[in-house]
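> Got a structure for you, questions after.
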Amino acid sequence: MKVLVVGGAGYIGSHVAKALMQSGHTVTVFDNLSSGQKINLFSQNVFVEGNILDYKALCQAMKGHDAVVHLAAKKAVGESMENPMLYSVNNISGSINILNAMVETGAKYLVFSSSAAVYGMPDKSLIDENTPLNPINYYGFTKLEIEKFMQWYDQLKNIKFVALRYFNAVGYDADGDIRGKEINSQNLLPIIMEVLSGKRSELKIFGNDYPTPDGTCIRDYIHVSDLASAHVLALEKLAQGMASQSLNLGTGKGTSVKEMVEAVEKVSGRKVPVVYAPRRAGDPAILIASADKARSLLGWKPAYTDICKIVQTVYSIN
């Protein structure tokens with residue numbers, strides 16, 4: 001297929017573009033480079049610098065493509081609560097532009113980068129797709145609203161979609177083909193790497209009194225290359241006639257904050273200075289994905305399940 005990867009110069013998008021090309025698809029990257037980087041582009045890519053808010057430019061780039069992968073959302077939770085206008089315009093209006101451009105240009109299939117944030121703070125640790133949808137921040141709200149728009153466009157305009165609800169994306173391309181580090185990441189593993197590099201003096205762990213084995217929060221960390229492979233499978237299954245779906249992506253295995261620190265120390269051979277701080281509001285003790293539906297429908301299976309192997313792919317580019 002000819003695939004337009006919107007946001008394809010970014011952290012996850014560049015891994016998706018590589019996976020698509022390795023599977024024989026032709027990729028055009030459409031990115032405004034607000035967080036994407038040209039260093040992440042491949043020579044095989046056609047690259048179009050543009051913004052999803054520019055409808056004419058989006059339609060021009062999309063012409064002749066069979067499918068779209070949409071990874072062009074703003075994603076900082078705190079920022080979304082402080083500046084909901086930005087998230088309304090970029091995430092919601094921009095996504096409507098993508099859907100309308102698909103109708104106008106005849107692109108048939110859409111894979112959307114959604115988020116576990118659509119679930120909010122569920123009352124169970126293992127989260128499947130039947131878990132109530134109740135986002136607690138504006139970022140998660142925008143992701144859920146976009147899923148609803150896609151459902152209507154499927155019903156009214158026959159745009160087939162898969163919304164992939166990521167849990168905690170980590171890692172880098174093990175082959176070393178993608179070298180641009182994620183810009184301004186607020187996630188645990190990149191922050192630990194900043195401590196090791198001297199950019200931060202210490203790692204602040206928020207809460208060590210949770211009802212978990214070591215008292216720190218447990219999360220489901222999924223390697224970015226495993227996320228990328230799921231995008232490829234989702235597009236191919238849609239083209240084979242699969243109905244539109246919303247699917248969780250995770251390993252089904254939890255890693256605590258302390259365990260992540262220990263894995264970094266094991267891989268690096270260095271000590272990570274840690275200080276403990278009070279819990280942050282809105283942090284559940286345990287969040288683990290049930291990805292049984294993705295395994296069943298897509299035939300997807302994560303290749304990276306050992307946290308030290310995941311850490312190694314990050315440490316190798318730092």
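Residues are named by chain letter and number: chains run A, B, ... in the order of the structure tokens, numbers start at 1 in each chain, and ligands are numbered from 1 in the order shown.
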I need the strand (DSSP E) residues of stretch 45-80 of chain A per DSSP on the backbone, written as a list in words.
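Those residues are Val46, Phe47, Val48, Glu49, Ala67, Val68, Val69 and His70 of chain A.
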> Would you kindly return, as a PyMOL selection string, each protein, DNA or RNA residue with an atom no farther than 12 Å from any atom of A:Trp152, considering only C-alpha atoms and excluding same-chain residues fewer than 6 positions away?
chain A and resi 96+99-100+145-146+158-161+244
> May I have a table of the residues of stretch 185-242 of chain A lying at most 8 Å from stretch 270-273 of chain A, giving each one's closest pair of atoms and their distance in Å to one decimal, counting only C-alpha atoms, ordered by chain and ascending residue number, as a tab-separated table?

```
residue	atom	partner	partner_atom	distance
A:Ile192	CA	A:Val272	CA	7.5
A:Val195	CA	A:Val272	CA	7.1
A:Leu196	CA	A:Val272	CA	6.8
A:Ser201	CA	A:Pro273	CA	7.6
A:Glu202	CA	A:Pro273	CA	5.0
A:Leu203	CA	A:Pro273	CA	6.2
```
> May I ask which of the residues A:Phe47, A:Tyr11, A:Tyr153, A:Tyr119 is the closest one to A:Ala101, counting only C-alpha atoms?
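When distances to A:Ala101 are compared using only C-alpha atoms, the smallest one comes from A:Tyr153.
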> Determine which residues of stretch 91-124 of chain A receive a DSSP assignment of helix (DSSP H, G or I), computed from the backbone, and state them as JSON, numbers by chain.
{"A": [91, 92, 93, 94, 95, 96, 97, 98, 99, 100, 101, 102, 103, 104, 105, 116, 117, 118, 119]}
> Mind writing the picked residues with C-alpha atoms as a PDB file, in the first residue's frame?

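Result file again.pdb:
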```
ATOM      1  CA  ASN A  91      -5.808  17.191  18.184  1.00  0.00           C
ATOM      2  CA  ILE A  92      -9.506  17.496  17.415  1.00  0.00           C
ATOM      3  CA  SER A  93      -9.649  19.966  14.507  1.00  0.00           C
ATOM      4  CA  GLY A  94      -6.509  18.480  12.966  1.00  0.00           C
ATOM      5  CA  SER A  95      -7.948  14.972  13.135  1.00  0.00           C
ATOM      6  CA  ILE A  96     -11.196  16.111  11.528  1.00  0.00           C
ATOM      7  CA  ASN A  97      -9.079  17.578   8.725  1.00  0.00           C
ATOM      8  CA  ILE A  98      -7.410  14.189   8.256  1.00  0.00           C
ATOM      9  CA  LEU A  99     -10.759  12.398   8.093  1.00  0.00           C
ATOM     10  CA  ASN A 100     -12.188  14.942   5.648  1.00  0.00           C
ATOM     11  CA  ALA A 101      -9.064  14.734   3.486  1.00  0.00           C
ATOM     12  CA  MET A 102      -9.404  10.954   3.401  1.00  0.00           C
ATOM     13  CA  VAL A 103     -12.960  11.291   2.113  1.00  0.00           C
ATOM     14  CA  GLU A 104     -11.852  13.856  -0.488  1.00  0.00           C
ATOM     15  CA  THR A 105      -8.821  11.900  -1.743  1.00  0.00           C
ATOM     16  CA  ALA A 116      -4.514   4.342  27.519  1.00  0.00           C
ATOM     17  CA  ALA A 117      -5.430   7.813  28.816  1.00  0.00           C
ATOM     18  CA  VAL A 118      -8.946   7.191  27.457  1.00  0.00           C
ATOM     19  CA  TYR A 119      -9.504   4.908  30.488  1.00  0.00           C
TER      20      TYR A 119
END
```
> Quick check, in Å to one decimal: how far apart do atom CA of A:Asn208 and atom CA of A:Glu129 lie?
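A separation of 29.3 Å between them.
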> Mind dumping a table of every stretch 121-201 of chain A residue within 12 Å of stretch 294-306 of chain A, with the nearest atom pair and its distance in Å to one decimal, using only C-alpha atoms, sorted by chain and rising number, as a tab-separated table?

```
residue	atom	partner	partner_atom	distance
A:Asp128	CA	A:Ala294	CA	10.4
A:Glu129	CA	A:Ala294	CA	10.1
A:Val162	CA	A:Ala294	CA	10.4
A:Ala163	CA	A:Ala294	CA	10.9
A:Leu164	CA	A:Ala294	CA	9.0
A:Arg165	CA	A:Ala294	CA	10.4
A:Tyr166	CA	A:Ala294	CA	11.5
A:Ala169	CA	A:Tyr304	CA	11.6
A:Val170	CA	A:Tyr304	CA	10.4
A:Gly171	CA	A:Tyr304	CA	9.6
A:Tyr172	CA	A:Tyr304	CA	11.3
A:Asp173	CA	A:Tyr304	CA	11.5
A:Ala174	CA	A:Tyr304	CA	10.6
```
> From the set A:Val111, A:His223, A:Asn134, A:Tyr139, which residue has the shortest atom-to-atom contact distance to A:Glu82, counting only C-alpha atoms?
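Closest to A:Glu82, using only C-alpha atoms: A:Tyr139.
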> Can you tell me, as a list in words, what residues are no more than 10 Å from A:Ser268 when counting only C-alpha atoms, ignoring any on the same chain fewer than 3 positions away?
Met193, Leu196, Glu262, Ala263, Val264, Glu265, Lys271, Val272, Val311, Gln312, Tyr315 and Ser316 of chain A
> So, counting only C-alpha atoms, which residue among A:Leu33, A:Ala67, A:Met62, A:Ala72 is closest to A:Val3?
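Among A:Leu33, A:Ala67, A:Met62, A:Ala72, it is A:Ala67 that comes nearest to A:Val3.
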> So, counting only C-alpha atoms, which residue among A:Asn130, A:Lys75, A:Ile310, A:Met260 is closest to A:Tyr87?
A:Lys75
